[in-house]
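Worksheet: the structure to be examined is printed underneath.
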Amino acid sequence: MRTHSAAVTLPGGKSSVLEDKVDRILSQLPDLTQLLQERQDFVEGLSTLEMKVDRLLYALTPHTPVRLQTEWRRNDTQQMLEKLKQLVGLHQPSGGANQDQELRQENHQLREEKEQAEEQLHRARLENTKLSHRLALVVSGSGNSSSLMVDEAGVEDSSASQYGLQMEEMMHENQELLEINRKTRDEKRRLEERLAVMEDVNQMTEGNRSRLETENREKEKRISDIEGEKRQIEVKNRIMAEELGRCERNVTELVKRPAAMRDCAELYCYGVRKDGVYTIAPFRSRHLVTVWCDMTSEGGGWTVFVRRLRVGRHEVFNRDWIDYRRGFGRPWQEHWLGLEAVHHLTTTPHHLRMSATDLHGEHRAALWLSFSVASERSEYELSVGGYDRSESSLGDSMVAHHNLNGRKFSTRDVDNDDLESGNCVRDFSLGGGWWYRRCSYLSPTGPHAGYGRHMMSLWTPGNLTWVSLNQLAMMVRPASFPAC
């Protein structure tokens with residue numbers, strides 16, 4: 001620190017006196033520096049105390065008396081801080097004749113102020129401790145006044161009385177808070193009970209809604225099914241109405257006709273133009289038969305006496321004489337009209353037509369201009385001829401090779417085939433009856449497939465290759481057709 005004295009140079013004896021003063025001042029500088037440091041520490045401690053007081057005021061905001069008392073102490077502390085800041089802000093000593101005395105006075109004054117500040121800081125810390133303890137008791141809800149006793153030695157009676165009033169107010173407020181808390185808990189419990197009831201009602205409502213949605217979906221499905229059935233019924237009703245209209249027209253036509261037509265040619269003359277099953281009276285008696293009428297081929301009016309179809313139900317043609325005389329089968333499927341009916345139909349000159357379709361869908365036909373069947377006394381002898389080559393695409397399987405003209409009918413129990421050994425019905429057509437002369441190139445009553453032969457050989461004129469058929473029909477019509 002003596003480095004500063006070397007810079008002072010005065011004439012005469014004044015130089016040594018001034019140097020001594022400067023030395024004394026410099027010797028006291030460490031104490032001043034330490035004092036300034038202590039002042040700075042004290043200021044920082046007071047700032048920390050101020051922050052704690054602020055937090056305590058924030059915590060005690062609902063309790064007005066304690067807050068006011070703390071605010072008063074805060075103001076005192078603030079005034080003391082301002083005074084200390086003024087003291088700290090004093091400038092450093094600059095030297096002079098009375099500098100030593102001033103420094104000592106200031107040092108003594110600073111020591112006294114320091115002691116006063118330490119005493120006030122101690123009291124503030126004590127008050128802070130008591131207030132913190134009271135705040136802890138208020139928060140914990142303790143109602144025992146004896147626990148609020150704190151060592152208040154050295155505190156004035158007026159402060160104790162004031163603290164007592166404040167504590168009573170705080171306890172009263174605490175009781176009010178406890179009552180409010182109890183009411184709040186009761187209200188919360190009631191709300192929770194109501195909420196539980198509402199949740200149960202909500203669950204029941206949700207269950208009912210789910211059931212209603214399921215029932216609605218089922219009803220919609222039933223309605224959709226009913227609408228579908230309704231549409232189907234409407235379609236059926238429309239079809240039935242159309243069928244009824246056709247039936248009414250047929251009934252009208254039937255009313256206009258005689259009691260029964262002799263054959264399909266007479267039905268044609270009365271306006272029938274559609275292929276189908278009809279009832280005829282070939283015997284001119286009450287004995288009626290059903291027959292398939294071909295009303296579209298070659299001018300129509302054809303009465304079918306034998307009909308074979310590969311598709312659908314197959315008829316058994318392995319039958320005896322009586323069945324072939326009476327007839328059997330279904331006219332709309334496979335059918336044999338009966339020899340007795342064919343005999344009565346052909347008592348006048350008739351044409352014979354044979355229609356066939358192979359497995360590839362190719363259709364062919366043949367026409368004979370003369371055809372008749374005698375009575376049972378002659379064993380239904382056949383008369384056939386007049387193959388019309390210009391109208392035929394099939395070969396002449398009735399006359400050209402095995403001439404069937406003049407032949408008697410054969411069945412499994414009646415043999416008229418002229419075969420010296422064997423039996424055409426048994427060996428050739430597997431039980432199917434027909435007119436045979438040592439068998440034939442035509443087997444309309446045989447099986448659809450048997451022994452590699454399939455009903456017909458003469459698919460084209462002069463072609464003797466057996467052909468498989470999907471359809472075969474033989475039909476007759478009066479030679480005078482149309483004779484309306």
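Residues in the structure tokens are named by chain (A, B, ... in the order shown) and by number from 1 within that chain; ligands are numbered from 1 in the order shown.
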Do you know which residues are at most 12 Å from Tyr436 (chain A) counting only C-alpha atoms, after dropping those on the same chain fewer than 5 positions away, and could you put them as a PDB file with N, CA and C atoms, in the first residue's frame?
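Output below, filename result.pdb:
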ATOM      1  N   GLU A 381    -101.055-104.586 -90.342  1.00  0.00           N
ATOM      2  CA  GLU A 381    -100.208-104.632 -91.534  1.00  0.00           C
ATOM      3  C   GLU A 381     -99.965-103.216 -92.059  1.00  0.00           C
ATOM      4  N   LEU A 382     -98.718-102.970 -92.484  1.00  0.00           N
ATOM      5  CA  LEU A 382     -98.281-101.634 -92.905  1.00  0.00           C
ATOM      6  C   LEU A 382     -98.368-101.511 -94.412  1.00  0.00           C
ATOM      7  N   SER A 397     -85.554 -95.226 -95.610  1.00  0.00           N
ATOM      8  CA  SER A 397     -85.367 -96.349 -94.683  1.00  0.00           C
ATOM      9  C   SER A 397     -86.619 -97.194 -94.534  1.00  0.00           C
ATOM     10  N   MET A 398     -87.745 -96.828 -95.202  1.00  0.00           N
ATOM     11  CA  MET A 398     -88.984 -97.592 -95.076  1.00  0.00           C
ATOM     12  C   MET A 398     -89.162 -98.585 -96.220  1.00  0.00           C
ATOM     13  N   VAL A 399     -88.603 -98.302 -97.425  1.00  0.00           N
ATOM     14  CA  VAL A 399     -88.892 -99.149 -98.596  1.00  0.00           C
ATOM     15  C   VAL A 399     -87.626 -99.569 -99.331  1.00  0.00           C
ATOM     16  N   HIS A 401     -84.428-100.416 -98.959  1.00  0.00           N
ATOM     17  CA  HIS A 401     -83.536-101.536 -98.658  1.00  0.00           C
ATOM     18  C   HIS A 401     -84.319-102.680 -98.010  1.00  0.00           C
ATOM     19  N   HIS A 402     -84.661-102.530 -96.751  1.00  0.00           N
ATOM     20  CA  HIS A 402     -85.561-103.496 -96.119  1.00  0.00           C
ATOM     21  C   HIS A 402     -86.973-102.980 -96.371  1.00  0.00           C
ATOM     22  N   ASN A 403     -87.620-103.483 -97.415  1.00  0.00           N
ATOM     23  CA  ASN A 403     -88.941-102.980 -97.793  1.00  0.00           C
ATOM     24  C   ASN A 403     -89.957-103.400 -96.739  1.00  0.00           C
ATOM     25  N   LEU A 404     -90.482-102.411 -96.011  1.00  0.00           N
ATOM     26  CA  LEU A 404     -91.419-102.707 -94.927  1.00  0.00           C
ATOM     27  C   LEU A 404     -92.872-102.674 -95.398  1.00  0.00           C
ATOM     28  N   ASN A 405     -93.115-102.385 -96.659  1.00  0.00           N
ATOM     29  CA  ASN A 405     -94.481-102.366 -97.167  1.00  0.00           C
ATOM     30  C   ASN A 405     -95.094-103.765 -97.095  1.00  0.00           C
ATOM     31  N   GLY A 406     -96.280-103.888 -96.491  1.00  0.00           N
ATOM     32  CA  GLY A 406     -96.971-105.167 -96.348  1.00  0.00           C
ATOM     33  C   GLY A 406     -96.522-105.962 -95.137  1.00  0.00           C
ATOM     34  N   ARG A 407     -95.653-105.422 -94.316  1.00  0.00           N
ATOM     35  CA  ARG A 407     -95.173-106.194 -93.144  1.00  0.00           C
ATOM     36  C   ARG A 407     -96.127-106.025 -91.980  1.00  0.00           C
ATOM     37  N   LYS A 408     -96.209-107.091 -91.163  1.00  0.00           N
ATOM     38  CA  LYS A 408     -97.013-107.070 -89.942  1.00  0.00           C
ATOM     39  C   LYS A 408     -96.145-106.603 -88.774  1.00  0.00           C
ATOM     40  N   PHE A 409     -96.819-106.095 -87.773  1.00  0.00           N
ATOM     41  CA  PHE A 409     -96.098-105.515 -86.624  1.00  0.00           C
ATOM     42  C   PHE A 409     -95.554-106.626 -85.728  1.00  0.00           C
ATOM     43  N   SER A 410     -94.363-106.409 -85.165  1.00  0.00           N
ATOM     44  CA  SER A 410     -93.715-107.379 -84.287  1.00  0.00           C
ATOM     45  C   SER A 410     -93.440-106.734 -82.928  1.00  0.00           C
ATOM     46  N   THR A 411     -93.639-107.531 -81.865  1.00  0.00           N
ATOM     47  CA  THR A 411     -93.261-107.124 -80.499  1.00  0.00           C
ATOM     48  C   THR A 411     -92.469-108.250 -79.873  1.00  0.00           C
ATOM     49  N   VAL A 414     -94.732-111.195 -80.040  1.00  0.00           N
ATOM     50  CA  VAL A 414     -95.306-111.528 -81.363  1.00  0.00           C
ATOM     51  C   VAL A 414     -94.211-111.306 -82.405  1.00  0.00           C
ATOM     52  N   ASP A 415     -93.802-112.386 -83.101  1.00  0.00           N
ATOM     53  CA  ASP A 415     -92.673-112.319 -84.037  1.00  0.00           C
ATOM     54  C   ASP A 415     -93.206-112.404 -85.459  1.00  0.00           C
ATOM     55  N   ASN A 416     -93.081-111.317 -86.229  1.00  0.00           N
ATOM     56  CA  ASN A 416     -93.493-111.267 -87.636  1.00  0.00           C
ATOM     57  C   ASN A 416     -92.365-110.735 -88.514  1.00  0.00           C
ATOM     58  N   ASP A 417     -91.095-111.008 -88.149  1.00  0.00           N
ATOM     59  CA  ASP A 417     -89.972-110.380 -88.849  1.00  0.00           C
ATOM     60  C   ASP A 417     -89.427-111.202 -90.017  1.00  0.00           C
ATOM     61  N   ASP A 418     -89.895-112.459 -90.238  1.00  0.00           N
ATOM     62  CA  ASP A 418     -89.405-113.318 -91.319  1.00  0.00           C
ATOM     63  C   ASP A 418     -87.937-113.669 -91.163  1.00  0.00           C
ATOM     64  N   LEU A 419     -87.409-113.512 -89.981  1.00  0.00           N
ATOM     65  CA  LEU A 419     -86.009-113.872 -89.749  1.00  0.00           C
ATOM     66  C   LEU A 419     -85.958-115.349 -89.386  1.00  0.00           C
ATOM     67  N   ASN A 423     -84.267-113.018 -83.542  1.00  0.00           N
ATOM     68  CA  ASN A 423     -85.469-112.209 -83.412  1.00  0.00           C
ATOM     69  C   ASN A 423     -85.064-110.731 -83.470  1.00  0.00           C
ATOM     70  N   CYS A 424     -85.636-109.998 -84.435  1.00  0.00           N
ATOM     71  CA  CYS A 424     -85.261-108.590 -84.607  1.00  0.00           C
ATOM     72  C   CYS A 424     -85.623-107.761 -83.391  1.00  0.00           C
ATOM     73  N   VAL A 425     -86.824-108.036 -82.823  1.00  0.00           N
ATOM     74  CA  VAL A 425     -87.240-107.239 -81.657  1.00  0.00           C
ATOM     75  C   VAL A 425     -86.294-107.462 -80.491  1.00  0.00           C
ATOM     76  N   ARG A 426     -85.937-108.740 -80.282  1.00  0.00           N
ATOM     77  CA  ARG A 426     -85.096-109.057 -79.140  1.00  0.00           C
ATOM     78  C   ARG A 426     -83.646-108.677 -79.385  1.00  0.00           C
ATOM     79  N   PHE A 428     -82.248-106.876 -82.175  1.00  0.00           N
ATOM     80  CA  PHE A 428     -81.919-105.653 -82.902  1.00  0.00           C
ATOM     81  C   PHE A 428     -82.372-104.387 -82.156  1.00  0.00           C
ATOM     82  N   SER A 429     -83.590-104.389 -81.651  1.00  0.00           N
ATOM     83  CA  SER A 429     -84.119-103.195 -80.998  1.00  0.00           C
ATOM     84  C   SER A 429     -84.274-103.363 -79.489  1.00  0.00           C
ATOM     85  N   TYR A 441     -83.134-100.949 -91.464  1.00  0.00           N
ATOM     86  CA  TYR A 441     -82.167 -99.887 -91.246  1.00  0.00           C
ATOM     87  C   TYR A 441     -82.754 -98.758 -90.379  1.00  0.00           C
ATOM     88  N   LEU A 442     -83.918 -98.973 -89.840  1.00  0.00           N
ATOM     89  CA  LEU A 442     -84.571 -97.987 -88.976  1.00  0.00           C
ATOM     90  C   LEU A 442     -85.080 -98.687 -87.725  1.00  0.00           C
ATOM     91  N   SER A 443     -84.777 -98.142 -86.568  1.00  0.00           N
ATOM     92  CA  SER A 443     -85.237 -98.720 -85.304  1.00  0.00           C
ATOM     93  C   SER A 443     -85.739 -97.595 -84.402  1.00  0.00           C
ATOM     94  N   PRO A 444     -86.905 -97.015 -84.686  1.00  0.00           N
ATOM     95  CA  PRO A 444     -87.380 -95.857 -83.913  1.00  0.00           C
ATOM     96  C   PRO A 444     -87.782 -96.178 -82.486  1.00  0.00           C
ATOM     97  N   THR A 445     -88.010 -97.465 -82.142  1.00  0.00           N
ATOM     98  CA  THR A 445     -88.373 -97.833 -80.768  1.00  0.00           C
ATOM     99  C   THR A 445     -87.222 -98.525 -80.038  1.00  0.00           C
TER     100      THR A 445
END
* To do: For each of A:Arg389, A:His351, A:Arg477, A:Lys219, take the minimum atom-to-atom distance to Ser370 (chain A), counting only C-alpha atoms, then give the residue where this is smallest.
  =>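 Closest candidate: A:His351.
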* Asked: Which is closer to Leu472 (chain A) than all the others in A:Asn208, A:Gln162, A:Ser383, A:Gln333, using only C-alpha atoms?
  ->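 Looking at the shortest contact to Leu472 (chain A), the residue is A:Gln333.
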* Of the candidates A:His363, A:Lys274, A:His343, A:Arg353, which one gets nearest to Ser375 (chain A) if we count only C-alpha atoms? -> A:His343
* DSSP on the backbone, then: every residue of region 158-392 of chain A marked strand (DSSP E or B), written as a PyMOL selection string. => chain A and resi 261+276-280+289-294+302-309+318+328-329+335-336+350-358+363-373+382-387
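For the atom pair formed by CA of Glu266 (chain A) and CA of Ala483 (chain A), the distance is 8.5 Å, given to one decimal.
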* Could you name the residues that touch Arg412 (chain A) at 8 Å or less, counting only C-alpha atoms, but leaving out those on the same chain fewer than 5 positions away, as a ChimeraX atom specification? -> /A:318-321,425-426,431-433
Save the residues we just selected, N, CA and C atoms, as a compact mmCIF listing (two decimals), in the first residue's frame?
# COMPACT_ATOMS: atom_id res chain seq x y z
N ASN A 318 -89.43 -101.39 -74.36
CA ASN A 318 -89.40 -102.86 -74.32
C ASN A 318 -90.72 -103.35 -73.72
N ARG A 319 -91.77 -103.44 -74.58
CA ARG A 319 -93.12 -103.75 -74.12
C ARG A 319 -93.75 -104.83 -75.01
N ASP A 320 -94.89 -105.34 -74.53
CA ASP A 320 -95.56 -106.42 -75.28
C ASP A 320 -96.60 -105.86 -76.24
N TRP A 321 -97.33 -106.77 -76.88
CA TRP A 321 -98.31 -106.42 -77.91
C TRP A 321 -99.40 -105.50 -77.38
N VAL A 425 -86.82 -108.04 -82.82
CA VAL A 425 -87.24 -107.24 -81.66
C VAL A 425 -86.29 -107.46 -80.49
N ARG A 426 -85.94 -108.74 -80.28
CA ARG A 426 -85.10 -109.06 -79.14
C ARG A 426 -83.65 -108.68 -79.38
N GLY A 431 -86.18 -105.15 -77.58
CA GLY A 431 -87.54 -105.18 -77.06
C GLY A 431 -88.46 -104.18 -77.68
N GLY A 432 -87.96 -103.29 -78.54
CA GLY A 432 -88.80 -102.27 -79.16
C GLY A 432 -89.59 -102.84 -80.33
N GLY A 433 -90.92 -102.61 -80.33
CA GLY A 433 -91.75 -103.12 -81.43
C GLY A 433 -91.65 -102.26 -82.68
* All alpha helix (DSSP H) residues (DSSP, backbone) inside region 241-472 of chain A, as an MDAnalysis selection string -> chainID A and resid 241:256 264:269 321:326 339:345
Can you spit out the residues from that selection as a compact mmCIF listing (two decimals), in the first residue's frame, using N, CA and C atoms?
# COMPACT_ATOMS: atom_id res chain seq x y z
N ALA A 241 -101.23 -64.40 -65.06
CA ALA A 241 -102.20 -63.63 -65.83
C ALA A 241 -102.03 -63.90 -67.33
N GLU A 242 -100.76 -63.95 -67.78
CA GLU A 242 -100.53 -64.28 -69.18
C GLU A 242 -101.02 -65.68 -69.51
N GLU A 243 -100.74 -66.61 -68.59
CA GLU A 243 -101.20 -67.98 -68.81
C GLU A 243 -102.72 -68.05 -68.81
N LEU A 244 -103.32 -67.27 -67.91
CA LEU A 244 -104.78 -67.24 -67.86
C LEU A 244 -105.35 -66.69 -69.17
N GLY A 245 -104.67 -65.65 -69.69
CA GLY A 245 -105.13 -65.11 -70.96
C GLY A 245 -105.04 -66.14 -72.07
N ARG A 246 -103.92 -66.89 -72.10
CA ARG A 246 -103.80 -67.94 -73.10
C ARG A 246 -104.87 -69.01 -72.91
N CYS A 247 -105.09 -69.37 -71.63
CA CYS A 247 -106.11 -70.38 -71.36
C CYS A 247 -107.49 -69.89 -71.80
N GLU A 248 -107.76 -68.62 -71.53
CA GLU A 248 -109.06 -68.09 -71.94
C GLU A 248 -109.21 -68.11 -73.46
N ARG A 249 -108.09 -67.76 -74.14
CA ARG A 249 -108.16 -67.82 -75.60
C ARG A 249 -108.33 -69.25 -76.07
N ASN A 250 -107.62 -70.18 -75.41
CA ASN A 250 -107.79 -71.59 -75.80
C ASN A 250 -109.21 -72.07 -75.54
N VAL A 251 -109.74 -71.62 -74.37
CA VAL A 251 -111.11 -72.02 -74.06
C VAL A 251 -112.07 -71.47 -75.10
N THR A 252 -111.83 -70.23 -75.50
CA THR A 252 -112.68 -69.63 -76.53
C THR A 252 -112.61 -70.43 -77.83
N GLU A 253 -111.36 -70.83 -78.16
CA GLU A 253 -111.19 -71.63 -79.36
C GLU A 253 -111.88 -72.99 -79.22
N LEU A 254 -111.73 -73.58 -78.01
CA LEU A 254 -112.35 -74.88 -77.80
C LEU A 254 -113.87 -74.79 -77.85
N VAL A 255 -114.42 -73.68 -77.38
CA VAL A 255 -115.87 -73.51 -77.44
C VAL A 255 -116.34 -73.46 -78.89
N LYS A 256 -115.53 -72.85 -79.73
CA LYS A 256 -115.91 -72.74 -81.13
C LYS A 256 -115.76 -74.06 -81.88
N CYS A 264 -104.82 -83.76 -85.64
CA CYS A 264 -104.21 -82.43 -85.56
C CYS A 264 -104.53 -81.60 -86.79
N ALA A 265 -104.82 -82.25 -87.91
CA ALA A 265 -105.18 -81.50 -89.11
C ALA A 265 -106.47 -80.74 -88.90
N GLU A 266 -107.47 -81.37 -88.26
CA GLU A 266 -108.71 -80.66 -87.97
C GLU A 266 -108.49 -79.53 -86.97
N LEU A 267 -107.61 -79.73 -85.99
CA LEU A 267 -107.27 -78.65 -85.05
C LEU A 267 -106.66 -77.48 -85.80
N TYR A 268 -105.83 -77.77 -86.78
CA TYR A 268 -105.22 -76.72 -87.58
C TYR A 268 -106.28 -75.92 -88.31
N CYS A 269 -107.29 -76.63 -88.85
CA CYS A 269 -108.35 -75.94 -89.57
C CYS A 269 -109.17 -75.04 -88.66
N TRP A 321 -97.33 -106.77 -76.88
CA TRP A 321 -98.31 -106.42 -77.91
C TRP A 321 -99.40 -105.50 -77.38
N ILE A 322 -99.93 -105.78 -76.22
CA ILE A 322 -101.05 -104.99 -75.69
C ILE A 322 -100.64 -103.53 -75.50
N ASP A 323 -99.45 -103.27 -74.96
CA ASP A 323 -98.98 -101.89 -74.76
C ASP A 323 -98.84 -101.16 -76.08
N TYR A 324 -98.30 -101.85 -77.08
CA TYR A 324 -98.15 -101.20 -78.37
C TYR A 324 -99.50 -100.97 -79.04
N ARG A 325 -100.48 -101.81 -78.73
CA ARG A 325 -101.81 -101.60 -79.29
C ARG A 325 -102.48 -100.39 -78.63
N ARG A 326 -102.35 -100.26 -77.31
CA ARG A 326 -103.01 -99.18 -76.58
C ARG A 326 -102.24 -97.86 -76.67
N LEU A 339 -101.18 -98.50 -81.84
CA LEU A 339 -101.50 -99.02 -83.18
C LEU A 339 -102.98 -98.86 -83.51
N GLU A 340 -103.84 -99.03 -82.52
CA GLU A 340 -105.27 -98.91 -82.79
C GLU A 340 -105.62 -97.48 -83.19
N ALA A 341 -105.06 -96.49 -82.54
CA ALA A 341 -105.32 -95.09 -82.90
C ALA A 341 -104.76 -94.76 -84.27
N VAL A 342 -103.55 -95.26 -84.57
CA VAL A 342 -102.95 -95.01 -85.89
C VAL A 342 -103.81 -95.64 -86.99
N HIS A 343 -104.34 -96.84 -86.71
CA HIS A 343 -105.22 -97.51 -87.68
C HIS A 343 -106.44 -96.64 -87.98
N HIS A 344 -107.11 -96.10 -86.97
CA HIS A 344 -108.29 -95.29 -87.20
C HIS A 344 -107.95 -93.95 -87.87
N LEU A 345 -106.77 -93.40 -87.59
CA LEU A 345 -106.39 -92.14 -88.23
C LEU A 345 -106.12 -92.32 -89.72
